[in-house]
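Accompanying notes for the structure given below.
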Amino acid sequence: MNRYEQEQERLLKANKRSFRLNLTFFAAFLLFCVLIVRLAFLQFVEGAELTALEHGENRKAVPMMPVRGTIFDATHTPLAYSEPSHSLYLTLYKNYGNADGIPSASRIEMNLLAQEIAAVFKQHGHADAEEITAGDIVNKLDLNYSKAGGYVPRLIKSNLSSEEVAYFLQHKERFKGIDIVEETVRRYHKDSLAVQTVGYLYKFKGAKVEPLYEQMDHRNAEMAVQQPGLFYQENEHVGFGGLELQYQEELRGESGYWLIPVDPRNMPIGPAELVPPKKGHHLYTTLHKDVQKATEQAILDQIKALRSSGKSESKNASTGYAVAMEVDTGHVIAMASMPDYDTNVWEQGGVSPEIYDQIRHIYQNGTIRSFFPSDKTNTPESVVLLGSTVKPLSVLIGLKEGLISPSTTYNDLGSAEFGRDGSRVSNSGGAVMGRLTVQDAIRRSSNAFMVDLIGEGLYRRYGSKGVDIWDEYMKEFGLGVATGVDLPNEFRGRIEYRQEGQTALSSLAFASFGQQGKYTTMQLAQYASMLANKGKRMEPHLVKEIRDSEGNVVKKIEPKVLNEAKFDDSYWSIIHRGMDTNVGAAFNGFPYDFARKTGTSQQMIYPGNGQGPINVDNGVFIAFAPRENPKLAVAVVIPQGGFGASSAAPVARKIFDAYDKYYGLDGTPAS
């Protein structure tokens with residue numbers, strides 16, 4: 001190796017040493033920077049917490065009750081609202097437990113304090129308030145910490161009187177640990193409007209049967225640490241029906257909470273920091289209080305009239321259901337399930353067994369749910385067969401499938417036979433109608449026409465698959481599927497044309513005139529709306545806007561078309577002209593031409609007392625008005641009401657009148 005090469009090797013080694021030194025210095029510099037940043041974070045960010053830990057201190061988040069939003073009607077009248085209320089809380093600042101079963105001096109002191117508080121309640125409380133004794137107060141204080149640590153304020157009494165609030169505030173030094181906290185009590189409209197639709201509140205600890213609250217319960221432990229405002233307390237009141245449940249998370253907002261410094265024994269050692277609640281959002285609904293009130297009263301009046309009419313077919317009528325829905329928007333203007341009750345009975349987040357026994361058959365919403373409104377075996381279900389209200393759809397199916405044409409005529413002999421065994425279906429009262437056009441078959445409600453030409457026609461063309469074809473059409477018109485209404489636990493209907501042991505021909509024959517499917521009043525209203533707007537299945541909704549506590553629009557619900565049934569426009573014209581059933585005096589003097597179809601669906605009940613099953617007639621009615629440029633669709637069901645024309649139609653007339661008064665069926669309010 002010559003001198004040049006030796007010099008090059010020396011320089012290379014020197015460069016390597018220099019690089020290693022620079023790399024070591026840079027690494028040391030980075031490490032030093034990390035240490036500086038960490039020390040700064042400890043000093044300025046975690047310093048207070050570490051200081052607290054040094055002194056054995058931690059902070060616990062104790063949620064307060066959230067401030068729930070208001071549910072308004074279309075006139076901005078509150079249907080459900082939170083009224084300010086004051087509650088008395090007491091926080092334990094030392095150990096009051098028993099030692100060897102012997103009450104400590106501190107525990108005796110707390111017993112005396114409980115007696116003083118009870119005396120204040122007795123002297124200054126509401127006159128009609130239930131008495132709270134010293135023993136009750138001691139139980140609520142949980143002195144053995146079996147339910148919560150000492151840092152958790154104990155709720156002693158809610159809904160304090162103004163005199164109680166004033167007394168405790170003036171004598172706060174006498175009651176160590178006492179806090180007066182402003183909370184809310186849920187109130188409902190004094191006229192009990194749309195109570196099943198609005199819903200009610202129930203205590204969280206008993207509400208976990210609902211999937212929403214079961215989910216909340218699973219994540220509660222995580223929320224308690226990460227987001228205390230979303231923590232659900234066991235005694236918190238939550239929505240448990242209707243809009244209160246459907247929009248629980250929007251209405252609830254976030255609860256406020258105290259951040260309380262505690263020692264290792266979980267006893268408070270300093271003043272609490274209050275994090276205020278985020279108030280819940282307000283719902284602005286499509287319900288109109290005056291139309292709703294008129295609807296409810298119309299049903300009650302009609303039930304009373306039917307029971308006193310002397311007619312055997314309607315003497316046992318006891319319930320009624322109605323839905324009014326705008327044709328183009330899907331806005332539900334009225335939704336009534338009668339009889340109803342006063343929702344304020346749930347004020348305390350539950351009811352007594354006595355009150356529950358009084359309301360258990362009527363607190364559910366019969367317009368979207370299936371239930372029997374009585375223990376009596378002679379009471380029909382809240383959902384009923386369509387009856388003749390299905391006939392406009394039967395005719396549409398017949399026209400679309402080519403089973404009939406607009407020029408078809410039929411010789412009605414009063415009944416139709418089908419099947420090898422010669423099963424017979426008669427018209428109502430066995431009426432022989434003679435020559436009928438397609439429109440006549442709807443208007444005069446011919447069962448024979450529907451069985452011979454539609455039911456048997458589908459079977460002849462498709463065989464047993466005809467039931468599937470029928471089912472597809474039903475679901476296209478919202479019958480047998482969810483309507484999409486913004487309410488929880490909607491019933492989808494009870495399809496009976498798929499009953500085991502029933503032949504396909506029999507299923508189609510009976511389905512063709514409305515005796516093979518039970519549906520809710522909400523489904524009937526959506527179906528009537530589709531007939532009115534020529535096939536657009538509008539999503540029915542009750543909430544049109546959600547606003548925050550400052551009045552800012554958070555969400556606006558726009559009209560939504562769920563699906564569209566395509567039929568020739570001439571077919572729709574036939575249907576609209578055919579929906580001209582005679583409804584007697586119910587619509588005398590009505591100033592609009594309107595489309596309507598009555599129905600009388602038969603239902604089997606079991607009276608008991610040794611009697612066999614008997615059939616009863618349920619009144620069903622659908623209509624929309626005006627016939628041209630329809631604005632409102634209405635569906636009414638009166639179980640055991642007899643003929644739809646005499647039982648359900650009078651209720652629909654009063655609903656149309658009320659809507660016309662406040663909105664105008666022609667766009668101009670009559671009032």
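Ligands are numbered from 1 in the order shown, residues from 1 within each chain, and chains are lettered A, B, ... in the order they appear in the structure tokens.
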- Item | Contact residues around Lys556 in chain A with only C-alpha atoms at 8 Å, ignoring same-chain residues under 4 positions, as a ChimeraX atom specification | /A:544-546
Atoms kept (all heavy atoms) for selection, written as a short mmCIF file (atom, residue, chain, number, x, y, z; two decimals), in the first residue's frame:
```cif
data_model
loop_
_atom_site.label_atom_id
_atom_site.label_comp_id
_atom_site.auth_asym_id
_atom_site.auth_seq_id
_atom_site.Cartn_x
_atom_site.Cartn_y
_atom_site.Cartn_z
N LYS A 544 -90.87 16.68 12.14
CA LYS A 544 -90.42 17.36 10.92
C LYS A 544 -89.15 18.17 11.13
O LYS A 544 -88.42 18.44 10.19
CB LYS A 544 -91.52 18.25 10.36
CG LYS A 544 -92.02 19.34 11.30
CD LYS A 544 -93.17 20.12 10.69
CE LYS A 544 -93.72 21.15 11.66
NZ LYS A 544 -94.87 21.89 11.11
N GLU A 545 -88.87 18.55 12.40
CA GLU A 545 -87.65 19.30 12.70
C GLU A 545 -87.14 18.94 14.09
O GLU A 545 -87.92 18.66 14.99
CB GLU A 545 -87.92 20.81 12.67
CG GLU A 545 -87.75 21.45 11.31
CD GLU A 545 -87.87 22.97 11.40
OE1 GLU A 545 -88.06 23.52 12.49
OE2 GLU A 545 -87.79 23.59 10.34
N ILE A 546 -85.81 18.96 14.21
CA ILE A 546 -85.16 18.84 15.51
C ILE A 546 -84.32 20.08 15.70
O ILE A 546 -83.51 20.44 14.83
CB ILE A 546 -84.28 17.57 15.59
CG1 ILE A 546 -85.12 16.31 15.32
CG2 ILE A 546 -83.60 17.47 16.94
CD1 ILE A 546 -84.32 15.03 15.26
#
```
- Query: What lies within 8 Å of Ala322 in chain A using only C-alpha atoms, ignoring chain neighbours under 6 positions off, as a ChimeraX atom specification?
  - Reply: /A:295,334-337,367,521-522,634-637
For the selection you just gave me, I'd like the residues written to a file as a PDB file, in the first residue's frame, keeping all heavy atoms.
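Output file again37.pdb follows:
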```
ATOM      1  N   THR A 295    -110.124  14.417  16.638  1.00  0.00           N
ATOM      2  CA  THR A 295    -110.078  12.999  16.278  1.00  0.00           C
ATOM      3  C   THR A 295    -110.382  12.121  17.484  1.00  0.00           C
ATOM      4  O   THR A 295    -111.191  11.187  17.411  1.00  0.00           O
ATOM      5  CB  THR A 295    -108.698  12.644  15.702  1.00  0.00           C
ATOM      6  OG1 THR A 295    -108.444  13.458  14.554  1.00  0.00           O
ATOM      7  CG2 THR A 295    -108.617  11.187  15.321  1.00  0.00           C
ATOM      8  N   ALA A 334    -102.800  13.569  12.695  1.00  0.00           N
ATOM      9  CA  ALA A 334    -103.487  13.048  13.884  1.00  0.00           C
ATOM     10  C   ALA A 334    -103.287  11.543  13.940  1.00  0.00           C
ATOM     11  O   ALA A 334    -103.261  10.872  12.909  1.00  0.00           O
ATOM     12  CB  ALA A 334    -104.971  13.393  13.847  1.00  0.00           C
ATOM     13  N   MET A 335    -103.125  11.020  15.155  1.00  0.00           N
ATOM     14  CA  MET A 335    -102.963   9.584  15.381  1.00  0.00           C
ATOM     15  C   MET A 335    -103.594   9.274  16.732  1.00  0.00           C
ATOM     16  O   MET A 335    -103.066   9.658  17.772  1.00  0.00           O
ATOM     17  CB  MET A 335    -101.479   9.196  15.367  1.00  0.00           C
ATOM     18  CG  MET A 335    -101.208   7.748  15.725  1.00  0.00           C
ATOM     19  SD  MET A 335     -99.443   7.351  15.740  1.00  0.00           S
ATOM     20  CE  MET A 335     -99.172   6.969  14.019  1.00  0.00           C
ATOM     21  N   ALA A 336    -104.735   8.612  16.709  1.00  0.00           N
ATOM     22  CA  ALA A 336    -105.492   8.421  17.942  1.00  0.00           C
ATOM     23  C   ALA A 336    -105.759   6.950  18.207  1.00  0.00           C
ATOM     24  O   ALA A 336    -106.206   6.218  17.325  1.00  0.00           O
ATOM     25  CB  ALA A 336    -106.816   9.181  17.870  1.00  0.00           C
ATOM     26  N   SER A 337    -105.469   6.530  19.422  1.00  0.00           N
ATOM     27  CA  SER A 337    -105.756   5.180  19.910  1.00  0.00           C
ATOM     28  C   SER A 337    -106.609   5.348  21.161  1.00  0.00           C
ATOM     29  O   SER A 337    -106.116   5.770  22.209  1.00  0.00           O
ATOM     30  CB  SER A 337    -104.445   4.453  20.229  1.00  0.00           C
ATOM     31  OG  SER A 337    -104.683   3.168  20.736  1.00  0.00           O
ATOM     32  N   THR A 367    -102.710   2.112  16.942  1.00  0.00           N
ATOM     33  CA  THR A 367    -102.616   2.432  15.511  1.00  0.00           C
ATOM     34  C   THR A 367    -101.394   1.792  14.859  1.00  0.00           C
ATOM     35  O   THR A 367    -101.326   1.698  13.628  1.00  0.00           O
ATOM     36  CB  THR A 367    -102.561   3.955  15.275  1.00  0.00           C
ATOM     37  OG1 THR A 367    -101.346   4.469  15.808  1.00  0.00           O
ATOM     38  CG2 THR A 367    -103.749   4.656  15.900  1.00  0.00           C
ATOM     39  N   THR A 521    -103.860   0.441  11.615  1.00  0.00           N
ATOM     40  CA  THR A 521    -104.491   1.642  11.068  1.00  0.00           C
ATOM     41  C   THR A 521    -103.460   2.515  10.360  1.00  0.00           C
ATOM     42  O   THR A 521    -103.771   3.170   9.362  1.00  0.00           O
ATOM     43  CB  THR A 521    -105.175   2.439  12.196  1.00  0.00           C
ATOM     44  OG1 THR A 521    -105.921   1.547  13.022  1.00  0.00           O
ATOM     45  CG2 THR A 521    -106.118   3.482  11.629  1.00  0.00           C
ATOM     46  N   MET A 522    -102.230   2.509  10.845  1.00  0.00           N
ATOM     47  CA  MET A 522    -101.161   3.262  10.181  1.00  0.00           C
ATOM     48  C   MET A 522    -100.899   2.703   8.789  1.00  0.00           C
ATOM     49  O   MET A 522    -100.706   3.456   7.819  1.00  0.00           O
ATOM     50  CB  MET A 522     -99.887   3.192  11.034  1.00  0.00           C
ATOM     51  CG  MET A 522     -98.702   3.986  10.504  1.00  0.00           C
ATOM     52  SD  MET A 522     -98.919   5.766  10.638  1.00  0.00           S
ATOM     53  CE  MET A 522     -99.241   6.201   8.942  1.00  0.00           C
ATOM     54  N   VAL A 634    -107.212   9.458   5.223  1.00  0.00           N
ATOM     55  CA  VAL A 634    -107.661   9.105   6.571  1.00  0.00           C
ATOM     56  C   VAL A 634    -108.022   7.623   6.617  1.00  0.00           C
ATOM     57  O   VAL A 634    -108.617   7.087   5.673  1.00  0.00           O
ATOM     58  CB  VAL A 634    -108.889   9.949   6.984  1.00  0.00           C
ATOM     59  CG1 VAL A 634    -109.500   9.436   8.286  1.00  0.00           C
ATOM     60  CG2 VAL A 634    -108.495  11.414   7.127  1.00  0.00           C
ATOM     61  N   ALA A 635    -107.644   6.966   7.708  1.00  0.00           N
ATOM     62  CA  ALA A 635    -108.046   5.580   7.954  1.00  0.00           C
ATOM     63  C   ALA A 635    -108.621   5.496   9.362  1.00  0.00           C
ATOM     64  O   ALA A 635    -108.048   6.050  10.302  1.00  0.00           O
ATOM     65  CB  ALA A 635    -106.856   4.636   7.816  1.00  0.00           C
ATOM     66  N   VAL A 636    -109.765   4.811   9.491  1.00  0.00           N
ATOM     67  CA  VAL A 636    -110.441   4.656  10.787  1.00  0.00           C
ATOM     68  C   VAL A 636    -110.826   3.190  10.968  1.00  0.00           C
ATOM     69  O   VAL A 636    -111.326   2.564  10.023  1.00  0.00           O
ATOM     70  CB  VAL A 636    -111.695   5.540  10.891  1.00  0.00           C
ATOM     71  CG1 VAL A 636    -112.370   5.350  12.256  1.00  0.00           C
ATOM     72  CG2 VAL A 636    -111.353   7.007  10.663  1.00  0.00           C
ATOM     73  N   VAL A 637    -110.593   2.669  12.160  1.00  0.00           N
ATOM     74  CA  VAL A 637    -110.978   1.297  12.495  1.00  0.00           C
ATOM     75  C   VAL A 637    -111.756   1.317  13.807  1.00  0.00           C
ATOM     76  O   VAL A 637    -111.283   1.864  14.806  1.00  0.00           O
ATOM     77  CB  VAL A 637    -109.738   0.385  12.641  1.00  0.00           C
ATOM     78  CG1 VAL A 637    -110.145  -0.997  13.139  1.00  0.00           C
ATOM     79  CG2 VAL A 637    -108.996   0.278  11.317  1.00  0.00           C
TER      80      VAL A 637
END
```
- Considering only C-alpha atoms, return as a ChimeraX atom specification whatever protein or nucleic-acid residues lie within 8 Å of range 441-448 of chain A, sequence-local ones (same chain, fewer than 5 positions apart) excluded. /A:388,391-392,395,412-416,425-428,433,436,513,575,578-582,597
- Message: Give me, as JSON, numbers by chain, all polymer residues having an atom no more than 7 Å from Glu236 in chain A, counting only C-alpha atoms and skipping those fewer than 4 positions away in the same chain.
- Response: {"A": [65, 203, 204, 232]}
Write the residues of the preceding selection, restricted to N, CA and C atoms, as a CSV table (one decimal), in the first residue's frame.
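File produced: again-v3.csv:
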```csv
chain,number,residue,atom,x,y,z
A,65,MET,N,-78.9,14.7,36.8
A,65,MET,CA,-80.0,14.4,35.8
A,65,MET,C,-79.9,15.3,34.6
A,203,LYS,N,-87.9,4.5,34.6
A,203,LYS,CA,-86.6,4.5,35.2
A,203,LYS,C,-85.7,3.5,34.4
A,204,PHE,N,-84.5,4.0,34.2
A,204,PHE,CA,-83.5,3.3,33.4
A,204,PHE,C,-83.3,1.8,33.9
A,232,TYR,N,-75.6,6.7,32.1
A,232,TYR,CA,-77.0,6.6,32.5
A,232,TYR,C,-77.1,6.1,34.0
```
Write out as an mmCIF file with all heavy atoms, in the first residue's frame which residues come within 7 Å of Ala532 in chain A when counting only C-alpha atoms, dropping same-chain ones fewer than 4 positions away.
```cif
data_model
loop_
_atom_site.group_PDB
_atom_site.id
_atom_site.type_symbol
_atom_site.label_atom_id
_atom_site.label_comp_id
_atom_site.auth_asym_id
_atom_site.auth_seq_id
_atom_site.Cartn_x
_atom_site.Cartn_y
_atom_site.Cartn_z
ATOM 1 N N VAL A 327 -101.131 13.476 2.008
ATOM 2 C CA VAL A 327 -100.856 12.626 0.849
ATOM 3 C C VAL A 327 -99.476 12.884 0.260
ATOM 4 O O VAL A 327 -98.750 11.942 -0.079
ATOM 5 C CB VAL A 327 -101.951 12.827 -0.220
ATOM 6 C CG1 VAL A 327 -101.578 12.143 -1.525
ATOM 7 C CG2 VAL A 327 -103.293 12.315 0.296
ATOM 8 N N ALA A 528 -104.054 4.118 1.853
ATOM 9 C CA ALA A 528 -105.010 5.094 1.316
ATOM 10 C C ALA A 528 -104.276 6.248 0.643
ATOM 11 O O ALA A 528 -104.708 6.758 -0.404
ATOM 12 C CB ALA A 528 -105.914 5.612 2.430
ATOM 13 N N PHE A 624 -109.799 9.711 0.948
ATOM 14 C CA PHE A 624 -108.922 10.854 0.740
ATOM 15 C C PHE A 624 -109.726 11.969 0.089
ATOM 16 O O PHE A 624 -110.717 11.740 -0.607
ATOM 17 C CB PHE A 624 -107.679 10.490 -0.083
ATOM 18 C CG PHE A 624 -107.938 9.892 -1.436
ATOM 19 C CD1 PHE A 624 -108.185 10.700 -2.549
ATOM 20 C CD2 PHE A 624 -107.904 8.514 -1.624
ATOM 21 C CE1 PHE A 624 -108.396 10.152 -3.806
ATOM 22 C CE2 PHE A 624 -108.120 7.954 -2.880
ATOM 23 C CZ PHE A 624 -108.365 8.779 -3.977
ATOM 24 N N PRO A 630 -105.735 15.412 -4.255
ATOM 25 C CA PRO A 630 -105.978 15.027 -2.853
ATOM 26 C C PRO A 630 -104.931 15.601 -1.901
ATOM 27 O O PRO A 630 -103.747 15.670 -2.229
ATOM 28 C CB PRO A 630 -105.932 13.499 -2.881
ATOM 29 C CG PRO A 630 -105.193 13.154 -4.132
ATOM 30 C CD PRO A 630 -105.485 14.244 -5.108
#
```
- Query: Which residues, written as a PyMOL selection string, have at least one atom at most 7 Å from Tyr89 in chain A, with only C-alpha atoms counted and residues fewer than 4 positions away on the same chain left out?
  - Reply: chain A and resi 153-156+178-180
Residues from last step as file, all heavy atoms, as a PDB file, in the first residue's frame:
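Writing the result to out_38.pdb gives the following:
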```pdb
ATOM      1  N   PRO A 153     -73.569  12.147  46.040  1.00  0.00           N
ATOM      2  CA  PRO A 153     -74.665  12.808  46.751  1.00  0.00           C
ATOM      3  C   PRO A 153     -75.909  11.931  46.760  1.00  0.00           C
ATOM      4  O   PRO A 153     -76.272  11.339  45.746  1.00  0.00           O
ATOM      5  CB  PRO A 153     -74.895  14.089  45.930  1.00  0.00           C
ATOM      6  CG  PRO A 153     -73.616  14.314  45.196  1.00  0.00           C
ATOM      7  CD  PRO A 153     -73.088  12.948  44.902  1.00  0.00           C
ATOM      8  N   ARG A 154     -76.551  11.839  47.928  1.00  0.00           N
ATOM      9  CA  ARG A 154     -77.756  11.022  48.073  1.00  0.00           C
ATOM     10  C   ARG A 154     -78.993  11.870  47.799  1.00  0.00           C
ATOM     11  O   ARG A 154     -79.145  12.952  48.381  1.00  0.00           O
ATOM     12  CB  ARG A 154     -77.862  10.473  49.490  1.00  0.00           C
ATOM     13  CG  ARG A 154     -77.132   9.156  49.743  1.00  0.00           C
ATOM     14  CD  ARG A 154     -75.659   9.226  49.650  1.00  0.00           C
ATOM     15  NE  ARG A 154     -75.051   8.009  50.216  1.00  0.00           N
ATOM     16  CZ  ARG A 154     -73.870   7.552  49.894  1.00  0.00           C
ATOM     17  NH1 ARG A 154     -73.135   8.200  48.999  1.00  0.00           N
ATOM     18  NH2 ARG A 154     -73.393   6.456  50.454  1.00  0.00           N
ATOM     19  N   LEU A 155     -79.864  11.380  46.915  1.00  0.00           N
ATOM     20  CA  LEU A 155     -81.119  12.076  46.653  1.00  0.00           C
ATOM     21  C   LEU A 155     -82.078  11.803  47.811  1.00  0.00           C
ATOM     22  O   LEU A 155     -82.446  10.662  48.074  1.00  0.00           O
ATOM     23  CB  LEU A 155     -81.742  11.601  45.336  1.00  0.00           C
ATOM     24  CG  LEU A 155     -83.134  12.143  45.020  1.00  0.00           C
ATOM     25  CD1 LEU A 155     -83.117  13.662  44.893  1.00  0.00           C
ATOM     26  CD2 LEU A 155     -83.680  11.501  43.748  1.00  0.00           C
ATOM     27  N   ILE A 156     -82.471  12.877  48.501  1.00  0.00           N
ATOM     28  CA  ILE A 156     -83.373  12.741  49.650  1.00  0.00           C
ATOM     29  C   ILE A 156     -84.823  12.988  49.237  1.00  0.00           C
ATOM     30  O   ILE A 156     -85.723  12.238  49.615  1.00  0.00           O
ATOM     31  CB  ILE A 156     -82.986  13.723  50.777  1.00  0.00           C
ATOM     32  CG1 ILE A 156     -81.498  13.564  51.123  1.00  0.00           C
ATOM     33  CG2 ILE A 156     -83.850  13.498  52.003  1.00  0.00           C
ATOM     34  CD1 ILE A 156     -81.116  12.174  51.573  1.00  0.00           C
ATOM     35  N   ILE A 178     -75.674  19.377  52.625  1.00  0.00           N
ATOM     36  CA  ILE A 178     -76.937  19.570  51.900  1.00  0.00           C
ATOM     37  C   ILE A 178     -76.696  20.412  50.639  1.00  0.00           C
ATOM     38  O   ILE A 178     -75.967  21.394  50.658  1.00  0.00           O
ATOM     39  CB  ILE A 178     -77.977  20.276  52.797  1.00  0.00           C
ATOM     40  CG1 ILE A 178     -78.548  19.300  53.812  1.00  0.00           C
ATOM     41  CG2 ILE A 178     -79.084  20.898  51.966  1.00  0.00           C
ATOM     42  CD1 ILE A 178     -79.512  18.305  53.223  1.00  0.00           C
ATOM     43  N   ASP A 179     -77.342  20.007  49.536  1.00  0.00           N
ATOM     44  CA  ASP A 179     -77.328  20.784  48.296  1.00  0.00           C
ATOM     45  C   ASP A 179     -78.739  20.809  47.719  1.00  0.00           C
ATOM     46  O   ASP A 179     -79.426  19.782  47.682  1.00  0.00           O
ATOM     47  CB  ASP A 179     -76.389  20.161  47.260  1.00  0.00           C
ATOM     48  CG  ASP A 179     -74.933  20.499  47.526  1.00  0.00           C
ATOM     49  OD1 ASP A 179     -74.604  21.691  47.516  1.00  0.00           O
ATOM     50  OD2 ASP A 179     -74.154  19.553  47.745  1.00  0.00           O
ATOM     51  N   ILE A 180     -79.160  21.989  47.275  1.00  0.00           N
ATOM     52  CA  ILE A 180     -80.422  22.131  46.552  1.00  0.00           C
ATOM     53  C   ILE A 180     -80.071  22.190  45.069  1.00  0.00           C
ATOM     54  O   ILE A 180     -79.375  23.105  44.628  1.00  0.00           O
ATOM     55  CB  ILE A 180     -81.187  23.406  46.955  1.00  0.00           C
ATOM     56  CG1 ILE A 180     -81.448  23.419  48.464  1.00  0.00           C
ATOM     57  CG2 ILE A 180     -82.484  23.518  46.171  1.00  0.00           C
ATOM     58  CD1 ILE A 180     -82.371  22.326  48.942  1.00  0.00           C
TER      59      ILE A 180
END
```
- DSSP alpha helix (DSSP H) selection over range 443-666 of chain A, as a VMD selection string: chain A and resid 443 447 to 449 456 to 462 466 to 476 504 to 511 521 to 533 569 to 578 644 to 647 649 to 662
Could you write those residues out with C-alpha atoms, as a PDB file, in the first residue's frame?
```
ATOM      1  CA  ARG A 443    -118.449   1.191  -5.519  1.00  0.00           C
ATOM      2  CA  ASN A 447    -117.350  -9.947  -3.150  1.00  0.00           C
ATOM      3  CA  ALA A 448    -118.426 -12.238  -6.015  1.00  0.00           C
ATOM      4  CA  PHE A 449    -116.610 -10.083  -8.595  1.00  0.00           C
ATOM      5  CA  GLU A 456    -109.636 -17.407  -9.020  1.00  0.00           C
ATOM      6  CA  GLY A 457    -108.025 -15.571 -11.934  1.00  0.00           C
ATOM      7  CA  LEU A 458    -104.652 -15.429 -10.153  1.00  0.00           C
ATOM      8  CA  TYR A 459    -104.913 -19.089  -9.227  1.00  0.00           C
ATOM      9  CA  ARG A 460    -105.788 -20.153 -12.790  1.00  0.00           C
ATOM     10  CA  ARG A 461    -102.787 -18.238 -14.148  1.00  0.00           C
ATOM     11  CA  TYR A 462    -100.123 -18.980 -11.515  1.00  0.00           C
ATOM     12  CA  GLY A 466    -100.435 -16.870  -7.175  1.00  0.00           C
ATOM     13  CA  VAL A 467    -100.140 -16.393  -3.414  1.00  0.00           C
ATOM     14  CA  ASP A 468     -96.579 -15.093  -3.911  1.00  0.00           C
ATOM     15  CA  ILE A 469     -97.791 -12.694  -6.611  1.00  0.00           C
ATOM     16  CA  TRP A 470    -100.524 -11.415  -4.287  1.00  0.00           C
ATOM     17  CA  ASP A 471     -98.028 -11.025  -1.453  1.00  0.00           C
ATOM     18  CA  GLU A 472     -95.688  -8.945  -3.626  1.00  0.00           C
ATOM     19  CA  TYR A 473     -98.495  -6.525  -4.462  1.00  0.00           C
ATOM     20  CA  MET A 474     -99.548  -6.255  -0.810  1.00  0.00           C
ATOM     21  CA  LYS A 475     -96.042  -5.408   0.312  1.00  0.00           C
ATOM     22  CA  GLU A 476     -95.603  -2.932  -2.535  1.00  0.00           C
ATOM     23  CA  ALA A 504    -103.749 -21.550  -2.439  1.00  0.00           C
ATOM     24  CA  LEU A 505    -107.131 -21.133  -4.162  1.00  0.00           C
ATOM     25  CA  SER A 506    -108.910 -20.585  -0.860  1.00  0.00           C
ATOM     26  CA  SER A 507    -106.241 -18.117   0.256  1.00  0.00           C
ATOM     27  CA  LEU A 508    -106.540 -16.066  -2.914  1.00  0.00           C
ATOM     28  CA  ALA A 509    -110.329 -16.170  -2.950  1.00  0.00           C
ATOM     29  CA  PHE A 510    -110.675 -14.826   0.586  1.00  0.00           C
ATOM     30  CA  ALA A 511    -107.767 -12.399   0.215  1.00  0.00           C
ATOM     31  CA  THR A 521    -104.491   1.642  11.068  1.00  0.00           C
ATOM     32  CA  MET A 522    -101.161   3.262  10.181  1.00  0.00           C
ATOM     33  CA  GLN A 523    -100.694   0.765   7.340  1.00  0.00           C
ATOM     34  CA  LEU A 524    -104.234   1.500   6.152  1.00  0.00           C
ATOM     35  CA  ALA A 525    -103.528   5.242   6.129  1.00  0.00           C
ATOM     36  CA  GLN A 526    -100.329   4.751   4.110  1.00  0.00           C
ATOM     37  CA  TYR A 527    -102.236   2.495   1.707  1.00  0.00           C
ATOM     38  CA  ALA A 528    -105.010   5.094   1.316  1.00  0.00           C
ATOM     39  CA  SER A 529    -102.358   7.732   0.646  1.00  0.00           C
ATOM     40  CA  MET A 530    -100.884   5.546  -2.123  1.00  0.00           C
ATOM     41  CA  LEU A 531    -104.286   5.218  -3.748  1.00  0.00           C
ATOM     42  CA  ALA A 532    -104.594   9.012  -3.575  1.00  0.00           C
ATOM     43  CA  ASN A 533    -101.204   9.923  -5.056  1.00  0.00           C
ATOM     44  CA  ASP A 569    -102.892   6.145 -15.418  1.00  0.00           C
ATOM     45  CA  SER A 570    -106.231   4.949 -16.772  1.00  0.00           C
ATOM     46  CA  TYR A 571    -106.281   2.276 -14.063  1.00  0.00           C
ATOM     47  CA  TRP A 572    -105.872   4.908 -11.379  1.00  0.00           C
ATOM     48  CA  SER A 573    -108.775   6.852 -12.866  1.00  0.00           C
ATOM     49  CA  ILE A 574    -110.997   3.769 -12.630  1.00  0.00           C
ATOM     50  CA  ILE A 575    -110.021   3.259  -8.997  1.00  0.00           C
ATOM     51  CA  HIS A 576    -110.623   6.883  -8.042  1.00  0.00           C
ATOM     52  CA  ARG A 577    -114.029   6.941  -9.710  1.00  0.00           C
ATOM     53  CA  GLY A 578    -114.953   3.602  -8.191  1.00  0.00           C
ATOM     54  CA  GLY A 644    -117.779   0.627   8.247  1.00  0.00           C
ATOM     55  CA  ALA A 645    -120.187   3.124   6.685  1.00  0.00           C
ATOM     56  CA  SER A 646    -122.098   3.600   9.927  1.00  0.00           C
ATOM     57  CA  SER A 647    -119.315   3.069  12.491  1.00  0.00           C
ATOM     58  CA  ALA A 649    -117.093   6.872   8.383  1.00  0.00           C
ATOM     59  CA  PRO A 650    -118.619   9.409  10.849  1.00  0.00           C
ATOM     60  CA  VAL A 651    -115.257   9.627  12.634  1.00  0.00           C
ATOM     61  CA  ALA A 652    -113.439  10.262   9.340  1.00  0.00           C
ATOM     62  CA  ARG A 653    -115.872  13.079   8.494  1.00  0.00           C
ATOM     63  CA  LYS A 654    -114.980  14.929  11.701  1.00  0.00           C
ATOM     64  CA  ILE A 655    -111.273  14.483  10.994  1.00  0.00           C
ATOM     65  CA  PHE A 656    -111.653  15.970   7.499  1.00  0.00           C
ATOM     66  CA  ASP A 657    -113.677  18.860   8.923  1.00  0.00           C
ATOM     67  CA  ALA A 658    -111.017  19.605  11.547  1.00  0.00           C
ATOM     68  CA  TYR A 659    -108.218  19.494   8.973  1.00  0.00           C
ATOM     69  CA  ASP A 660    -110.200  21.735   6.639  1.00  0.00           C
ATOM     70  CA  LYS A 661    -110.712  24.220   9.465  1.00  0.00           C
ATOM     71  CA  TYR A 662    -107.039  24.598  10.347  1.00  0.00           C
TER      72      TYR A 662
END
```
